[in-house]
Every structure is written in structure tokens, then in C-alpha cells.
$ cat data_8.txt   # compact mmCIF, C-alpha atoms and all ligand atoms
# COMPACT_ATOMS: atom_id res chain seq x y z
CA MET A 17 157.00 133.00 112.64
CA LYS A 18 156.49 129.86 110.55
CA LYS A 19 155.84 129.82 106.81
CA THR A 20 155.73 127.34 103.95
CA ILE A 21 156.23 127.41 100.21
CA SER A 22 155.76 124.67 97.66
CA ARG A 23 158.88 123.59 95.79
CA ASP A 24 157.51 124.61 92.41
CA LYS A 25 157.27 128.23 93.66
CA LEU A 26 160.90 128.39 94.82
CA PRO A 27 162.26 130.08 91.65
CA GLU A 28 159.94 133.00 92.46
CA LEU A 29 161.37 133.13 95.97
CA TRP A 30 164.95 133.10 94.57
CA ALA A 31 164.06 135.95 92.21
CA HIS A 32 162.58 137.96 95.09
CA LEU A 33 165.48 137.35 97.50
CA SER A 34 168.09 138.25 94.89
CA GLU A 35 166.53 141.71 94.38
CA THR A 36 168.15 143.06 97.56
CA GLY A 37 171.66 141.65 97.00
CA PRO A 38 173.55 138.46 96.22
CA LEU A 39 171.64 135.28 97.03
CA TYR A 40 173.94 132.31 97.64
CA LEU A 41 172.43 128.88 97.00
CA PRO A 42 173.65 125.33 96.42
CA VAL A 43 173.83 125.40 92.63
CA GLN A 44 174.49 122.38 90.41
CA ASP A 45 177.68 123.13 88.49
CA GLY A 46 178.34 120.18 86.16
CA PRO A 47 178.95 117.14 88.36
CA VAL A 48 179.36 119.14 91.59
CA VAL A 49 177.21 121.37 93.76
CA LEU A 50 178.71 124.70 94.85
CA PHE A 51 177.50 127.62 96.94
CA LYS A 52 177.26 130.37 94.35
CA PRO A 53 175.46 133.67 93.88
CA TRP A 54 172.23 132.64 92.14
CA SER A 55 171.33 133.92 88.68
CA GLU A 56 168.19 133.31 86.65
CA GLY A 57 168.33 129.86 85.08
CA ASP A 58 170.69 128.29 87.65
CA GLU A 59 169.75 124.79 88.76
CA VAL A 60 169.36 124.95 92.54
CA ASN A 61 169.92 121.62 94.30
CA LEU A 62 168.47 121.73 97.81
CA ASP A 63 168.66 117.93 98.07
CA ALA A 64 172.45 117.86 97.85
CA VAL A 65 174.21 116.77 101.02
CA ASN A 66 177.65 116.85 99.52
CA ILE A 67 178.28 120.50 98.64
CA ALA A 68 181.83 120.39 97.31
CA VAL A 69 183.11 123.62 98.85
CA SER A 70 181.62 125.04 102.01
CA PRO A 71 179.93 128.46 102.20
CA LYS A 72 182.87 129.93 104.15
CA ASP A 73 183.90 132.01 101.13
CA ILE A 74 180.78 134.15 101.54
CA PHE A 75 182.54 135.59 104.60
CA LEU A 76 186.18 134.85 103.81
CA PRO A 77 186.43 135.07 100.01
CA ARG A 78 189.07 133.06 98.18
CA GLU A 79 190.60 136.34 97.06
CA GLU A 80 189.81 139.94 97.79
CA THR A 81 191.30 143.39 97.74
CA TYR A 82 191.35 144.36 101.37
CA LEU A 83 192.15 148.04 100.94
CA HIS A 84 193.46 150.55 98.42
CA TYR A 85 196.18 153.09 99.20
CA ARG A 86 197.14 156.29 97.43
CA CYS A 87 199.98 158.67 98.36
CA SER A 88 199.93 162.27 97.43
CA GLY A 89 202.86 164.28 98.81
CA GLN A 90 202.89 163.59 102.55
CA GLN A 91 199.25 162.40 102.53
CA LEU A 92 198.36 158.71 102.66
CA GLU A 93 194.77 157.86 101.70
CA LEU A 94 193.43 154.44 102.66
CA SER A 95 190.08 153.19 101.42
CA GLU A 96 188.44 149.95 102.39
CA ALA A 97 187.28 147.62 99.66
CA GLU A 98 183.54 147.70 99.02
CA ASP A 99 181.53 144.84 100.41
CA ASN A 100 178.57 143.11 98.79
CA GLY A 101 175.89 144.86 100.86
CA GLU A 102 172.93 142.74 101.98
CA VAL A 103 173.49 139.03 101.30
CA THR A 104 171.28 135.98 101.77
CA ALA A 105 172.92 132.58 102.26
CA PHE A 106 170.18 130.02 101.68
CA GLY A 107 170.57 126.28 102.24
CA VAL A 108 173.52 126.27 104.65
CA HIS A 109 173.74 122.88 106.35
CA PRO A 110 174.01 122.74 110.16
CA CYS A 111 177.63 121.50 110.11
CA ASP A 112 178.68 124.39 107.85
CA LEU A 113 176.94 126.95 110.05
CA LYS A 114 178.69 125.53 113.09
CA ALA A 115 181.98 125.89 111.19
CA ILE A 116 181.19 129.55 110.44
CA GLU A 117 180.63 130.08 114.17
CA MET A 118 184.12 128.63 114.73
CA LEU A 119 185.55 131.14 112.24
CA ASP A 120 183.65 133.95 114.04
CA ARG A 121 185.76 133.34 117.14
CA VAL A 122 188.91 133.86 115.13
CA PHE A 123 187.80 136.80 112.96
CA ILE A 124 185.26 138.61 115.17
CA ASP A 125 185.80 137.71 118.82
CA GLN A 126 189.22 139.36 118.78
CA ASP A 127 190.32 142.93 119.30
CA PRO A 128 190.45 144.30 116.70
CA ALA A 129 187.97 142.20 114.75
CA ASP A 130 188.54 141.56 111.05
CA ALA A 131 186.47 144.45 109.67
CA LEU A 132 185.50 142.97 106.31
CA TYR A 133 184.64 139.55 107.71
CA LYS A 134 182.51 141.14 110.44
CA LYS A 135 180.71 143.39 107.99
CA ARG A 136 179.87 140.40 105.82
CA ARG A 137 178.58 138.41 108.80
CA ASP A 138 176.46 141.36 109.96
CA ASN A 139 175.06 141.90 106.45
CA THR A 140 174.21 138.26 105.77
CA THR A 141 170.95 136.51 106.61
CA VAL A 142 171.57 132.79 106.96
CA VAL A 143 168.81 130.33 106.08
CA ALA A 144 169.96 126.93 107.31
CA LEU A 145 168.60 123.75 105.76
CA SER A 146 168.10 120.48 107.68
CA CYS A 147 169.80 117.41 106.29
CA THR A 148 167.37 114.52 106.06
CA GLU A 149 169.69 111.90 104.57
CA PRO A 150 173.37 112.27 105.48
CA ASP A 151 175.84 110.62 103.12
CA PRO A 152 178.24 107.86 104.28
CA PHE A 153 181.06 110.37 104.92
CA CYS A 154 179.06 112.65 107.24
CA PHE A 155 179.95 112.26 110.92
CA CYS A 156 178.73 115.50 112.51
CA ASN A 157 176.95 113.60 115.33
CA VAL A 158 180.43 112.92 116.74
CA PHE A 159 180.70 116.67 117.42
CA ASP A 160 177.20 116.88 118.92
CA ILE A 161 175.81 118.55 115.81
CA ASP A 162 172.23 117.72 114.95
CA PRO A 163 171.90 117.58 111.14
CA ALA A 164 168.26 118.61 111.53
CA SER A 165 168.82 121.87 113.38
CA ALA A 166 171.16 124.86 113.38
CA PRO A 167 170.67 127.03 116.50
CA GLY A 168 172.71 129.93 115.04
CA ALA A 169 170.60 130.34 111.90
CA ASP A 170 168.33 133.31 111.14
CA VAL A 171 165.81 130.97 109.52
CA MET A 172 165.66 127.19 109.84
CA ALA A 173 164.31 125.48 106.73
CA ARG A 174 163.27 121.90 106.16
CA LEU A 175 162.09 120.07 103.07
CA ASP A 176 158.99 118.00 103.59
CA ASN A 177 158.13 116.21 100.33
CA GLY A 178 156.96 118.96 97.99
CA THR A 179 157.05 121.77 100.57
CA LEU A 180 159.76 123.89 102.14
CA LEU A 181 159.03 124.76 105.78
CA LEU A 182 160.63 127.94 107.11
CA GLU A 183 160.87 129.05 110.72
CA ALA A 184 162.34 132.44 111.72
CA MET A 185 164.85 132.19 114.58
CA THR A 186 166.01 135.82 114.75
CA GLU A 187 164.76 139.32 113.87
CA LYS A 188 166.72 139.17 110.63
CA GLY A 189 164.97 135.92 109.84
CA GLU A 190 161.53 137.39 110.63
CA SER A 191 162.23 140.29 108.35
CA LEU A 192 163.28 137.94 105.52
CA LEU A 193 160.05 135.94 105.85
CA LYS A 194 157.88 139.05 106.18
CA GLY A 195 159.56 140.60 103.15
CA ALA A 196 158.60 137.62 101.00
CA GLY A 197 154.93 138.57 101.50
CA ASN A 198 152.45 136.45 99.55
CA LEU A 199 155.11 134.16 98.16
CA LEU A 200 154.95 132.36 101.51
CA GLN A 201 151.92 130.79 103.20
CA ASP A 202 151.23 130.66 106.93
CA ALA A 203 152.20 127.29 108.35
CA ASN A 204 148.76 126.81 109.95
CA GLY A 205 149.87 124.31 112.56
CA GLN A 206 151.96 122.20 110.16
CA ALA A 207 154.46 120.12 112.15
CA PHE A 208 158.03 121.45 111.87
CA GLU A 209 159.70 118.82 114.03
CA SER A 210 162.31 116.75 112.21
CA LYS A 211 163.04 113.13 112.80
CA LYS A 212 166.38 112.36 114.42
CA VAL A 213 169.10 112.10 111.81
CA GLU A 214 171.98 109.75 112.56
CA THR A 215 175.38 109.99 110.94
CA ALA A 216 178.38 107.68 111.01
CA ASP A 217 180.61 107.76 114.08
CA PHE A 218 183.56 105.78 112.66
CA ASN A 219 184.14 104.51 116.23
CA LEU A 220 185.81 107.79 117.11
CA LYS A 221 186.56 108.54 120.75
CA LEU A 222 187.39 112.19 121.29
CA ASP A 223 187.28 112.44 125.10
CA GLY A 224 190.64 113.63 126.35
CA LEU A 225 192.21 113.63 122.87
CA ALA A 226 193.17 117.33 122.87
CA GLU A 227 194.71 117.05 126.33
CA ASN A 228 196.51 113.86 125.37
CA LEU A 229 198.05 115.47 122.28
CA LYS A 230 199.66 118.26 124.31
CA ASP A 231 202.81 116.23 124.89
CA ARG A 232 202.82 114.35 121.59
CA PHE A 233 204.48 116.81 119.25
CA GLU A 234 207.34 114.34 118.76
CA ASP A 235 205.15 111.23 118.82
CA PRO A 236 206.30 108.44 116.44
CA ALA A 237 202.75 108.35 115.01
CA TRP A 238 203.61 111.49 112.97
CA ASP A 239 206.50 109.63 111.28
CA LYS A 240 204.03 107.28 109.62
CA LEU A 241 200.96 109.44 109.22
CA TYR A 242 202.36 112.05 106.83
CA LYS A 243 203.97 109.66 104.34
CA SER A 244 201.17 109.42 101.78
CA CYS A 245 200.46 113.19 101.72
CA LEU A 246 200.90 114.78 98.30
CA SER A 247 200.81 118.38 99.62
CA CYS A 248 197.98 119.11 97.20
CA GLY A 249 196.14 121.27 99.77
CA VAL A 250 192.67 120.06 98.76
CA CYS A 251 191.83 119.11 102.35
CA THR A 252 192.35 122.70 103.51
CA TYR A 253 190.47 124.35 100.64
CA VAL A 254 187.35 122.24 101.10
CA CYS A 255 187.42 122.32 104.91
CA PRO A 256 184.91 124.79 106.40
CA THR A 257 187.01 125.30 109.55
CA CYS A 258 190.34 126.01 107.81
CA TYR A 259 191.20 129.69 107.48
CA CYS A 260 194.87 130.10 106.49
CA PHE A 261 195.35 133.13 104.27
CA ASP A 262 198.10 135.17 102.67
CA VAL A 263 198.33 138.96 102.45
CA GLU A 264 200.36 140.82 99.84
CA ASP A 265 200.66 144.42 98.70
CA PHE A 266 200.59 145.16 94.99
CA GLY A 267 201.35 148.49 93.37
CA HIS A 268 204.05 151.13 93.72
CA GLU A 269 204.91 153.95 96.10
CA LYS A 270 202.06 156.17 94.84
CA GLU A 271 199.15 153.78 94.60
CA GLY A 272 198.24 150.16 95.12
CA GLU A 273 196.20 147.61 96.99
CA ARG A 274 196.43 145.11 99.80
CA PHE A 275 195.29 141.71 98.61
CA ARG A 276 194.23 138.67 100.64
CA CYS A 277 193.69 135.12 99.38
CA TRP A 278 193.24 131.67 100.83
CA ASP A 279 196.45 129.78 101.48
CA SER A 280 197.19 126.34 102.87
CA CYS A 281 199.39 125.13 105.71
CA MET A 282 199.97 122.05 103.54
CA TYR A 283 202.08 124.04 101.06
CA GLY A 284 205.85 124.14 101.48
CA HIS A 285 206.13 127.90 101.04
CA PHE A 286 203.36 128.79 103.50
CA THR A 287 205.74 129.33 106.42
CA GLU A 288 208.83 130.26 104.42
CA MET A 289 210.34 133.48 105.75
CA ALA A 290 212.09 136.30 103.92
CA GLY A 291 215.54 135.04 104.93
CA GLY A 292 214.77 131.56 103.57
CA HIS A 293 214.18 129.81 106.92
CA ASN A 294 211.16 127.53 106.97
CA PRO A 295 209.98 126.13 110.32
CA ARG A 296 207.83 123.53 108.53
CA PRO A 297 210.11 122.41 105.74
CA GLY A 298 208.68 118.94 105.14
CA ARG A 299 205.37 117.15 104.76
CA LYS A 300 205.66 115.65 108.25
CA GLU A 301 205.76 119.09 109.89
CA ARG A 302 202.89 120.32 107.73
CA VAL A 303 200.61 117.31 108.25
CA ARG A 304 201.31 117.54 111.98
CA GLN A 305 200.43 121.23 111.94
CA ARG A 306 197.10 120.65 110.19
CA PHE A 307 195.96 117.96 112.61
CA MET A 308 197.47 119.50 115.75
CA HIS A 309 195.71 122.75 114.91
CA LYS A 310 192.35 121.03 114.63
CA LEU A 311 192.76 118.58 117.49
CA GLN A 312 194.92 120.39 120.03
CA TYR A 313 195.75 124.09 119.39
CA TYR A 314 192.21 125.28 118.56
CA PRO A 315 190.59 123.24 121.38
CA GLU A 316 193.16 124.58 123.84
CA VAL A 317 191.96 128.13 123.13
CA TYR A 318 188.27 127.56 122.35
CA ALA A 319 187.50 124.27 124.15
CA GLU A 320 186.23 122.64 120.96
CA ILE A 321 187.82 120.48 118.25
CA ALA A 322 188.04 122.43 114.98
CA CYS A 323 186.14 119.89 112.92
CA VAL A 324 182.42 119.62 112.28
CA GLY A 325 182.36 116.19 110.65
CA CYS A 326 181.28 117.50 107.24
CA GLY A 327 183.21 114.66 105.61
CA ARG A 328 184.73 116.83 102.85
CA CYS A 329 188.32 115.79 103.58
CA LEU A 330 187.18 112.14 103.52
CA ARG A 331 185.58 112.66 100.12
CA SER A 332 188.38 114.75 98.64
CA CYS A 333 191.82 113.62 99.81
CA PRO A 334 193.32 111.61 96.95
CA VAL A 335 195.24 109.36 99.38
CA ASN A 336 192.61 109.07 102.15
CA LEU A 337 194.70 110.98 104.66
CA ASP A 338 191.66 112.53 106.31
CA ILE A 339 190.89 113.62 109.84
CA VAL A 340 189.26 110.31 110.77
CA GLN A 341 192.47 108.47 109.84
CA ALA A 342 194.49 111.00 111.82
CA ILE A 343 192.31 110.73 114.93
CA LYS A 344 192.54 106.95 114.81
CA ALA A 345 196.31 106.99 114.30
CA LEU A 346 196.57 109.23 117.37
CA GLY A 347 194.56 106.85 119.55
CA GLY A 348 191.10 108.41 119.28
CA GLU A 349 189.28 105.21 118.42
CA THR A 350 186.95 103.08 120.48
CA VAL A 351 188.47 99.66 120.86
CA GLU A 352 185.81 96.95 120.87
CA GLN A 353 185.99 94.68 123.94
CA ARG A 354 186.04 91.02 122.93
S1 LIG B 1 196.25 115.28 103.35
FE1 LIG B 1 195.40 114.61 101.37
S2 LIG B 1 194.21 116.37 100.59
FE2 LIG B 1 195.54 117.15 102.26
S3 LIG B 1 197.40 117.90 101.23
FE3 LIG B 1 197.81 115.76 101.80
S4 LIG B 1 197.19 114.54 99.99
FE4 LIG B 1 196.28 116.61 99.73
S1 LIG B 2 188.56 118.31 109.01
FE1 LIG B 2 187.46 117.25 107.33
S2 LIG B 2 185.53 116.53 108.26
FE2 LIG B 2 186.42 118.06 109.67
S3 LIG B 2 185.43 119.99 109.11
FE3 LIG B 2 187.36 119.87 107.92
S4 LIG B 2 186.81 118.91 105.96
FE4 LIG B 2 185.10 118.58 107.38

$ encode --input "data_8.txt" --output "C-alpha cells"
Amino acid sequence: MKKTISRDKLPELWAHLSETGPLYLPVQDGPVVLFKPWSEGDEVNLDAVNIAVSPKDIFLPREETYLHYRCSGQQLELSEAEDNGEVTAFGVHPCDLKAIEMLDRVFIDQDPADALYKKRRDNTTVVALSCTEPDPFCFCNVFDIDPASAPGADVMARLDNGTLLLEAMTEKGESLLKGAGNLLQDANGQAFESKKVETADFNLKLDGLAENLKDRFEDPAWDKLYKSCLSCGVCTYVCPTCYCFDVEDFGHEKEGERFRCWDSCMYGHFTEMAGGHNPRPGRKERVRQRFMHKLQYYPEVYAEIACVGCGRCLRSCPVNLDIVQAIKALGGETVEQR
């Protein structure tokens, strides 16, 4: 099913889609664009390439109460936190959807699956949006991601001058387009094909990198690489493929809650244990962990580097200690033949 809508009618579409539950959109928030639940009057920015924080928190919120407990005599009552019900995530870029698929392997393709994450994935219809003009920090082509298409989306959308083209890719997507009724027009043979979109490649060479890193835990490259890191954690918070979290119980013996929030492997206390031992006491160990996880540990299990080339760590790290610098320092760079 293929439909179109003119850009000036989009606020009506937002109003319609938000009737059934939260509608996440790239919303201009001062100088930045964030994925946020839309409310009347929000300025939606579908042209933004650089969305400061990825949409991963739709599925893995920054903070959430995971369950409540209540004890009464010998009885323990557990109740799961309520989820958001039906959700629409509109305007997810192909790199970010690929990153969500990487998180699915960790949170869903396990036994047991993470119940809240899975429920949110099942209840969310994802409308992906093609990127037409990548910014200079985007390098998703390196990971074989096509900025113009997102195979895992429920609907693929593309802006074509003053029109938004929408193509359903799944049953959920068909139902979203059907439900919009007269707000959408039939595509009537309008071409949906996108032109090829090329991103930077930064001369990266990833073949064999994961295998090569297997025996390089003590490599001297780590002694230099970590030095500028400030342990601010920004790289992990903006990264769509990072998923460290912390779990704590709050309350007393009668009643309380289990709370989960994002955490960062770049923080000194992340691996600190109750007895005071910390297996990653310094910045070197933590920087090594972040990059080894992306470039060696994750690929060893899932046969794919845990980066989608979104460029957020390149835009955000205050000392330019991003994944491109790390890959190059570890030998993953094409050397030009003279
Ligand atoms: S690598 Fe950069 S963004 Fe990440 S913790 Fe270190 S200084 Fe912060
Ligand atoms: S490591 Fe950097 S470029 Fe790769 S997905 Fe994370 S934020 Fe994006």
C-alpha cells in the first residue's frame, strides 16, 4: 500500500496518530532536535538529520519503575509497571532502526526476554524516514546501511519536495495507513524510489577487525587512546547501540519498587562491587571496554559490529575520542598506496 500526504497537512496526521497513544516525532527543542511524544503546537522537524538522542528510549526508557512489590504477611505481590499501550514512532532514520534491531537481539532474542522492552517493541509501529542529505559525521554506508531504506520498518516514508510518500512494509504499517483514511491520498503511480545516498567512509577498513582484536586486550594502543577521555559518559548516552543500565530496589520490607535507569560503562562506579573491588578502576579499562564491546565482544556473539555510523559520538564527544578515532588507532584504516 502506497500513500501520500502534502507537508501542510501533516499536523492533521500528527493529531490523528496521537489519538491512539503516544506519537514520537523529531521535535525541535531549542537548538536541538529530540525524539519526543508529540503535543499540539510542537515544531516537528522532519528535515533534521542530526537528532541529538536516538529513539532507543522509546523501548529502553532512561528511567522506569520495572515492578512494584507489596508484602502482606507471608504473601508477596508483584505487579509489573504499566506500559504506554499503542505507540507510533514516526521519522526514525534507517541507522537508528538498525540500532534498535541490535538491541532486540540483547533484550528479546534471549530466554527469558526482557518483558517490558518486548511489550514496547510489539506495541510500537515504526515509520522510518529516508535521509536525503546526510551530514558530514554520518558514516552508515560503512556498515552497509542504506540511508534511503530501512527494511525492518512498518512504514517507509520519504520526503519529496512538498509531499511525504508512505509505503507500508508490514501488516502493522498497512493498518496505520488505512486508519488515517482520507488524510492520505493514493500514490497513483508516483515514484517511490530514492536516489542513492552516500555518506562519509573516513577510510575505515573493518574486514577482520573483530577477529584481530581478540588477542589485543593488552595492546599498547590502549595506553594512548584513553588519555583524553573525561569520563563524561556523553558518548554512551547518545549512542543508539549502547544499553548499559542499573537496577535498584527502593522501599522497605512491606512495599517498594524495582527501578531501572540508563548507566554508562564510562563511569568509575559502574563496575564497582559491594566489597569495593572494581575490575575497571581507571579510564583506560573503561575506554577499552566501550570499544572492545562494540568492535569485538558484540561481533563475536552476533557477527556484526555494534555501531551503525550515526555519527553521534563524533558530534558529541568533547575531546573527539569517538569510534572512528578508536578504529583507526586499532589499525582499521585503509592505508593509501603511494
Ligand atoms: S570518550 Fe568522549 S564522550 Fe565518551 S566519556 Fe570519554 S570524553 Fe566523554
Ligand atoms: S559508536 Fe558512535 S557512530 Fe557508532 S552507533 Fe554509537 S554513537 Fe553512533

$ closest_residue --input "data_8.txt" --among "A:Ile116, A:Leu311, A:Val158, A:Leu62" --to "A:Asn219" --atoms "only C-alpha atoms"
A:Val158

$ closest_atom_pairs --input "data_8.txt" --of "chain A" --to "ligand LIG 2 (chain B)" --cutoff "9 Å" --atoms "all atoms listed in the file" --output "CSV"
residue,atom,partner,partner_atom,distance
A:Ser70,CA,B:LIG2,S4,9.0
A:Cys111,CA,B:LIG2,S3,8.0
A:Asp112,CA,B:LIG2,S3,8.2
A:Ala115,CA,B:LIG2,S3,7.1
A:Phe153,CA,B:LIG2,S2,8.3
A:Cys154,CA,B:LIG2,S2,7.6
A:Phe155,CA,B:LIG2,S2,7.5
A:Cys156,CA,B:LIG2,S2,8.1
A:Cys251,CA,B:LIG2,S4,6.2
A:Thr252,CA,B:LIG2,S4,7.1
A:Tyr253,CA,B:LIG2,S4,8.4
A:Val254,CA,B:LIG2,S4,5.9
A:Cys255,CA,B:LIG2,S4,3.6
A:Pro256,CA,B:LIG2,S3,5.5
A:Thr257,CA,B:LIG2,S3,5.6
A:Cys258,CA,B:LIG2,FE3,6.8
A:Arg306,CA,B:LIG2,S1,8.9
A:Phe307,CA,B:LIG2,S1,8.2
A:Lys310,CA,B:LIG2,S1,7.3
A:Ala322,CA,B:LIG2,S3,6.9
A:Cys323,CA,B:LIG2,FE2,3.7
A:Val324,CA,B:LIG2,S3,4.4
A:Gly325,CA,B:LIG2,S2,4.0
A:Cys326,CA,B:LIG2,FE4,4.0
A:Gly327,CA,B:LIG2,S2,4.0
A:Arg328,CA,B:LIG2,S4,4.3
A:Cys329,CA,B:LIG2,FE1,4.1
A:Leu330,CA,B:LIG2,FE1,6.4
A:Arg331,CA,B:LIG2,S4,8.6
A:Ser332,CA,B:LIG2,S4,8.6
A:Asp338,CA,B:LIG2,FE1,6.4
A:Ile339,CA,B:LIG2,S1,5.3
A:Val340,CA,B:LIG2,S2,7.7

$ atom_distance --input "data_8.txt" --atom1 "atom CA of A:Leu346" --atom2 "atom CA of A:Phe261"
27.3 Å

$ axis_aligned_box --input "data_8.txt" --around "ligand LIG 1 (chain B)" --padding-each-side "8 Å" --output "AutoDock Vina command-line options"
--center_x 196.0 --center_y 116.2 --center_z 101.5 --size_x 19.6 --size_y 19.4 --size_z 19.6

$ residues_near_ligand --input "data_8.txt" --ligand "ligand LIG 1 (chain B)" --cutoff "8 Å" --atoms "only C-alpha atoms and all ligand atoms" --output "PyMOL selection string"
chain A and resi 242+244-252+282-283+303+329+332-338

$ build_atoms --input "data_8.txt" --residues "stretch 188-210 of chain A" --atoms "N, CA and C atoms" --output "PDB file, in the frame of the given file"
ATOM      1  N   LYS A 188     166.351 139.149 112.046  1.00  0.00           N
ATOM      2  CA  LYS A 188     166.720 139.170 110.630  1.00  0.00           C
ATOM      3  C   LYS A 188     165.911 138.139 109.857  1.00  0.00           C
ATOM      4  N   GLY A 189     165.729 136.991 110.488  1.00  0.00           N
ATOM      5  CA  GLY A 189     164.970 135.920 109.840  1.00  0.00           C
ATOM      6  C   GLY A 189     163.503 136.302 109.672  1.00  0.00           C
ATOM      7  N   GLU A 190     162.932 136.944 110.711  1.00  0.00           N
ATOM      8  CA  GLU A 190     161.530 137.390 110.630  1.00  0.00           C
ATOM      9  C   GLU A 190     161.384 138.364 109.476  1.00  0.00           C
ATOM     10  N   SER A 191     162.347 139.271 109.385  1.00  0.00           N
ATOM     11  CA  SER A 191     162.230 140.290 108.350  1.00  0.00           C
ATOM     12  C   SER A 191     162.352 139.659 106.959  1.00  0.00           C
ATOM     13  N   LEU A 192     163.185 138.623 106.817  1.00  0.00           N
ATOM     14  CA  LEU A 192     163.280 137.940 105.520  1.00  0.00           C
ATOM     15  C   LEU A 192     161.935 137.287 105.155  1.00  0.00           C
ATOM     16  N   LEU A 193     161.318 136.623 106.141  1.00  0.00           N
ATOM     17  CA  LEU A 193     160.050 135.940 105.850  1.00  0.00           C
ATOM     18  C   LEU A 193     158.935 136.948 105.588  1.00  0.00           C
ATOM     19  N   LYS A 194     158.910 138.021 106.400  1.00  0.00           N
ATOM     20  CA  LYS A 194     157.880 139.050 106.180  1.00  0.00           C
ATOM     21  C   LYS A 194     158.033 139.667 104.792  1.00  0.00           C
ATOM     22  N   GLY A 195     159.283 139.936 104.420  1.00  0.00           N
ATOM     23  CA  GLY A 195     159.560 140.600 103.150  1.00  0.00           C
ATOM     24  C   GLY A 195     159.120 139.774 101.948  1.00  0.00           C
ATOM     25  N   ALA A 196     159.001 138.471 102.136  1.00  0.00           N
ATOM     26  CA  ALA A 196     158.600 137.620 101.000  1.00  0.00           C
ATOM     27  C   ALA A 196     157.105 137.680 100.757  1.00  0.00           C
ATOM     28  N   GLY A 197     156.364 138.307 101.688  1.00  0.00           N
ATOM     29  CA  GLY A 197     154.930 138.570 101.500  1.00  0.00           C
ATOM     30  C   GLY A 197     154.139 137.347 101.062  1.00  0.00           C
ATOM     31  N   ASN A 198     153.370 137.514  99.977  1.00  0.00           N
ATOM     32  CA  ASN A 198     152.450 136.450  99.550  1.00  0.00           C
ATOM     33  C   ASN A 198     153.117 135.247  98.910  1.00  0.00           C
ATOM     34  N   LEU A 199     154.431 135.348  98.701  1.00  0.00           N
ATOM     35  CA  LEU A 199     155.110 134.160  98.160  1.00  0.00           C
ATOM     36  C   LEU A 199     155.078 133.015  99.167  1.00  0.00           C
ATOM     37  N   LEU A 200     154.953 133.375 100.455  1.00  0.00           N
ATOM     38  CA  LEU A 200     154.950 132.360 101.510  1.00  0.00           C
ATOM     39  C   LEU A 200     153.551 132.233 102.115  1.00  0.00           C
ATOM     40  N   GLN A 201     153.205 131.012 102.521  1.00  0.00           N
ATOM     41  CA  GLN A 201     151.920 130.790 103.200  1.00  0.00           C
ATOM     42  C   GLN A 201     152.153 130.606 104.699  1.00  0.00           C
ATOM     43  N   ASP A 202     151.131 130.945 105.489  1.00  0.00           N
ATOM     44  CA  ASP A 202     151.230 130.660 106.930  1.00  0.00           C
ATOM     45  C   ASP A 202     151.275 129.153 107.133  1.00  0.00           C
ATOM     46  N   ALA A 203     152.016 128.736 108.154  1.00  0.00           N
ATOM     47  CA  ALA A 203     152.200 127.290 108.350  1.00  0.00           C
ATOM     48  C   ALA A 203     150.938 126.605 108.863  1.00  0.00           C
ATOM     49  N   ASN A 204     150.042 127.369 109.495  1.00  0.00           N
ATOM     50  CA  ASN A 204     148.760 126.810 109.950  1.00  0.00           C
ATOM     51  C   ASN A 204     148.893 125.479 110.699  1.00  0.00           C
ATOM     52  N   GLY A 205     149.745 125.480 111.686  1.00  0.00           N
ATOM     53  CA  GLY A 205     149.870 124.310 112.560  1.00  0.00           C
ATOM     54  C   GLY A 205     150.626 123.145 111.955  1.00  0.00           C
ATOM     55  N   GLN A 206     151.194 123.309 110.761  1.00  0.00           N
ATOM     56  CA  GLN A 206     151.960 122.200 110.160  1.00  0.00           C
ATOM     57  C   GLN A 206     153.158 121.853 111.046  1.00  0.00           C
ATOM     58  N   ALA A 207     153.381 120.553 111.247  1.00  0.00           N
ATOM     59  CA  ALA A 207     154.460 120.120 112.150  1.00  0.00           C
ATOM     60  C   ALA A 207     155.823 120.453 111.541  1.00  0.00           C
ATOM     61  N   PHE A 208     156.692 121.091 112.346  1.00  0.00           N
ATOM     62  CA  PHE A 208     158.030 121.450 111.870  1.00  0.00           C
ATOM     63  C   PHE A 208     159.101 120.526 112.447  1.00  0.00           C
ATOM     64  N   GLU A 209     158.702 119.661 113.373  1.00  0.00           N
ATOM     65  CA  GLU A 209     159.700 118.820 114.030  1.00  0.00           C
ATOM     66  C   GLU A 209     160.313 117.850 113.024  1.00  0.00           C
ATOM     67  N   SER A 210     161.636 117.691 113.118  1.00  0.00           N
ATOM     68  CA  SER A 210     162.310 116.750 112.210  1.00  0.00           C
ATOM     69  C   SER A 210     162.561 115.453 112.943  1.00  0.00           C
TER      70      SER A 210
END
